[in-house]
Amino acid sequence: MGNLSGLKFISVLFCLSIVFSSTLALDITAVNLDIMALSSLTNVEETVFETYSIVLAAEAAGANVSVLWDRLNFAGEYLALAKISLRIGNLEGADTNTRLSVESLEGIVEEAEVLKATAIRALSEYSQIVIVGSVTGIVTIILSTILGWNWFKKRYYKRVLEMKPEVVEGES
């Protein structure tokens with residue numbers, strides 16, 4: 001009987017070690033999944049910030065980026081939902097919202113760069129038009145002033161020369 005109780009004791013220890021090692025393995029796996037999800041969220045967050053900077057630069061150049069701001073806001077909302085899902089332990093929700101955030105960011109950088117280039121080109125064209133228009137206006141004003149003065153001067157001399165002096169008797 002002594003051997004039988006020792007065998008039972010070893011069997012119980014073996015079963016307990018399997019149970020504890022499996023729960024420990026599950027805990028380690030869950031921690032690893034949390035770390036991977038957090039790393040993924042950090043990468044997406046950095047991408048959102050970089051995209052924000054690019055869109056801000058396009059807006060500073062004069063581009064109309066309101067549609068891009070809307071899409072960037074959606075990406076930010078999905079990122080916030082992913083963080084909330086991760087905090088409450090919903091890894092699937094965190095993964096889904098992270099994916100949606102990444103999908104919302106697709107194409108924003110390229111569109112922002114195209115809009116920025118277009119805005120810079122439009123600003124350059126507008127500047128050229130303003131410069132040419134200003135020079136043309138200044139030349140027109142100067143020429144019309146000179147021509148107007150010459151016309152007035154000729155007319156004035158002609159009127160003065162047409163006048164006949166009056167001789168008043170007794171004054172000389």
# chains A, B, ... in the order shown; residues from 1 in each chain; ligands from 1
$ residues_around --residues "Asp95 in chain A" --least-positions-apart "4" --cutoff "7 Å" --atoms "only C-alpha atoms" --output "ChimeraX atom specification"
/A:82,91,99
$ residues_around --residues "Leu79 in chain A" --least-positions-apart "6" --cutoff "12 Å" --atoms "only C-alpha atoms" --output "ChimeraX atom specification"
/A:37-38,40-49,72-73,85-86,93-105
$ write_last_selection --atoms "C-alpha atoms" --output "short mmCIF file (atom, residue, chain, number, x, y, z; two decimals), in the first residue's frame"
data_model
loop_
_atom_site.label_atom_id
_atom_site.label_comp_id
_atom_site.auth_asym_id
_atom_site.auth_seq_id
_atom_site.Cartn_x
_atom_site.Cartn_y
_atom_site.Cartn_z
CA ALA A 37 -0.94 44.23 -29.93
CA LEU A 38 0.61 47.15 -28.04
CA SER A 40 1.17 47.19 -33.40
CA LEU A 41 -0.83 50.03 -31.84
CA THR A 42 2.36 52.01 -31.26
CA ASN A 43 3.34 51.58 -34.91
CA VAL A 44 -0.10 52.68 -36.10
CA GLU A 45 -0.01 55.64 -33.71
CA GLU A 46 3.35 56.75 -35.14
CA THR A 47 1.94 56.39 -38.64
CA VAL A 48 -1.06 58.55 -37.68
CA PHE A 49 1.28 61.25 -36.31
CA LEU A 72 -7.42 61.10 -40.54
CA ASN A 73 -10.07 61.63 -37.86
CA SER A 85 -10.27 47.27 -26.64
CA LEU A 86 -6.72 46.36 -25.65
CA GLY A 93 -11.45 44.10 -31.15
CA ALA A 94 -8.05 45.74 -30.80
CA ASP A 95 -6.81 43.91 -33.89
CA THR A 96 -9.93 44.78 -35.91
CA ASN A 97 -9.81 48.47 -34.96
CA THR A 98 -6.08 48.62 -35.63
CA ARG A 99 -6.67 47.18 -39.11
CA LEU A 100 -9.47 49.69 -39.74
CA SER A 101 -7.20 52.53 -38.63
CA VAL A 102 -4.49 51.39 -41.05
CA GLU A 103 -7.06 51.08 -43.86
CA SER A 104 -8.28 54.61 -43.13
CA LEU A 105 -4.72 55.90 -43.52
#
$ atom_distance --atom1 "CA of Arg155 in chain A" --atom2 "CA of Leu143 in chain A"
18.1 Å
$ atom_distance --atom1 "CA of Lys116 in chain A" --atom2 "CA of Glu77 in chain A"
25.1 Å
$ atom_distance --atom1 "CA of Gly62 in chain A" --atom2 "CA of Glu113 in chain A"
11.9 Å
$ decode --residues "range 87-121 of chain A" --atoms "N, CA and C atoms" --output "short mmCIF file (atom, residue, chain, number, x, y, z; two decimals), in the first residue's frame"
data_model
loop_
_atom_site.label_atom_id
_atom_site.label_comp_id
_atom_site.auth_asym_id
_atom_site.auth_seq_id
_atom_site.Cartn_x
_atom_site.Cartn_y
_atom_site.Cartn_z
N ARG A 87 -7.14 47.64 -23.61
CA ARG A 87 -7.17 47.84 -22.16
C ARG A 87 -8.17 46.91 -21.47
N ILE A 88 -9.29 46.66 -22.15
CA ILE A 88 -10.28 45.78 -21.52
C ILE A 88 -10.02 44.32 -21.84
N GLY A 89 -8.97 44.05 -22.61
CA GLY A 89 -8.59 42.67 -22.88
C GLY A 89 -9.22 42.06 -24.12
N ASN A 90 -9.86 42.87 -24.93
CA ASN A 90 -10.48 42.39 -26.16
C ASN A 90 -9.46 42.48 -27.29
N LEU A 91 -8.63 41.45 -27.42
CA LEU A 91 -7.57 41.46 -28.42
C LEU A 91 -8.11 41.43 -29.84
N GLU A 92 -9.19 40.73 -30.04
CA GLU A 92 -9.79 40.67 -31.39
C GLU A 92 -10.31 42.05 -31.80
N GLY A 93 -10.97 42.74 -30.87
CA GLY A 93 -11.45 44.10 -31.15
C GLY A 93 -10.30 45.05 -31.38
N ALA A 94 -9.23 44.90 -30.61
CA ALA A 94 -8.05 45.74 -30.80
C ALA A 94 -7.45 45.51 -32.18
N ASP A 95 -7.36 44.23 -32.57
CA ASP A 95 -6.81 43.91 -33.89
C ASP A 95 -7.69 44.47 -35.01
N THR A 96 -9.00 44.30 -34.89
CA THR A 96 -9.93 44.78 -35.91
C THR A 96 -9.84 46.31 -36.05
N ASN A 97 -9.86 47.01 -34.91
CA ASN A 97 -9.81 48.47 -34.96
C ASN A 97 -8.46 48.98 -35.44
N THR A 98 -7.40 48.25 -35.12
CA THR A 98 -6.08 48.62 -35.63
C THR A 98 -6.05 48.49 -37.15
N ARG A 99 -6.60 47.39 -37.66
CA ARG A 99 -6.67 47.18 -39.11
C ARG A 99 -7.48 48.27 -39.78
N LEU A 100 -8.63 48.64 -39.18
CA LEU A 100 -9.47 49.69 -39.74
C LEU A 100 -8.75 51.04 -39.73
N SER A 101 -7.97 51.28 -38.70
CA SER A 101 -7.20 52.53 -38.63
C SER A 101 -6.17 52.58 -39.76
N VAL A 102 -5.49 51.46 -39.97
CA VAL A 102 -4.49 51.39 -41.05
C VAL A 102 -5.17 51.57 -42.40
N GLU A 103 -6.33 50.93 -42.59
CA GLU A 103 -7.06 51.08 -43.86
C GLU A 103 -7.51 52.52 -44.08
N SER A 104 -7.87 53.22 -43.00
CA SER A 104 -8.28 54.61 -43.13
C SER A 104 -7.12 55.50 -43.55
N LEU A 105 -5.91 55.10 -43.20
CA LEU A 105 -4.72 55.90 -43.52
C LEU A 105 -4.22 55.68 -44.94
N GLU A 106 -4.67 54.61 -45.58
CA GLU A 106 -4.15 54.27 -46.90
C GLU A 106 -4.44 55.38 -47.91
N GLY A 107 -3.40 55.82 -48.59
CA GLY A 107 -3.55 56.80 -49.66
C GLY A 107 -3.55 58.25 -49.20
N ILE A 108 -3.63 58.49 -47.90
CA ILE A 108 -3.69 59.89 -47.43
C ILE A 108 -2.38 60.61 -47.73
N VAL A 109 -1.25 59.97 -47.49
CA VAL A 109 0.04 60.62 -47.71
C VAL A 109 0.21 60.99 -49.18
N GLU A 110 -0.13 60.08 -50.08
CA GLU A 110 0.01 60.36 -51.51
C GLU A 110 -0.91 61.50 -51.94
N GLU A 111 -2.16 61.47 -51.46
CA GLU A 111 -3.10 62.54 -51.81
C GLU A 111 -2.63 63.87 -51.26
N ALA A 112 -2.10 63.87 -50.04
CA ALA A 112 -1.62 65.12 -49.44
C ALA A 112 -0.45 65.69 -50.24
N GLU A 113 0.44 64.81 -50.69
CA GLU A 113 1.58 65.29 -51.48
C GLU A 113 1.13 65.83 -52.83
N VAL A 114 0.16 65.19 -53.46
CA VAL A 114 -0.38 65.69 -54.73
C VAL A 114 -1.06 67.04 -54.52
N LEU A 115 -1.88 67.14 -53.47
CA LEU A 115 -2.56 68.40 -53.18
C LEU A 115 -1.56 69.50 -52.85
N LYS A 116 -0.51 69.16 -52.13
CA LYS A 116 0.51 70.15 -51.79
C LYS A 116 1.21 70.65 -53.05
N ALA A 117 1.59 69.72 -53.94
CA ALA A 117 2.25 70.12 -55.20
C ALA A 117 1.32 70.99 -56.04
N THR A 118 0.04 70.62 -56.09
CA THR A 118 -0.93 71.41 -56.84
C THR A 118 -1.08 72.80 -56.25
N ALA A 119 -1.12 72.89 -54.93
CA ALA A 119 -1.27 74.19 -54.26
C ALA A 119 -0.04 75.06 -54.50
N ILE A 120 1.14 74.46 -54.45
CA ILE A 120 2.37 75.22 -54.69
C ILE A 120 2.41 75.73 -56.12
N ARG A 121 2.00 74.87 -57.07
CA ARG A 121 1.96 75.28 -58.47
C ARG A 121 0.96 76.42 -58.68
#
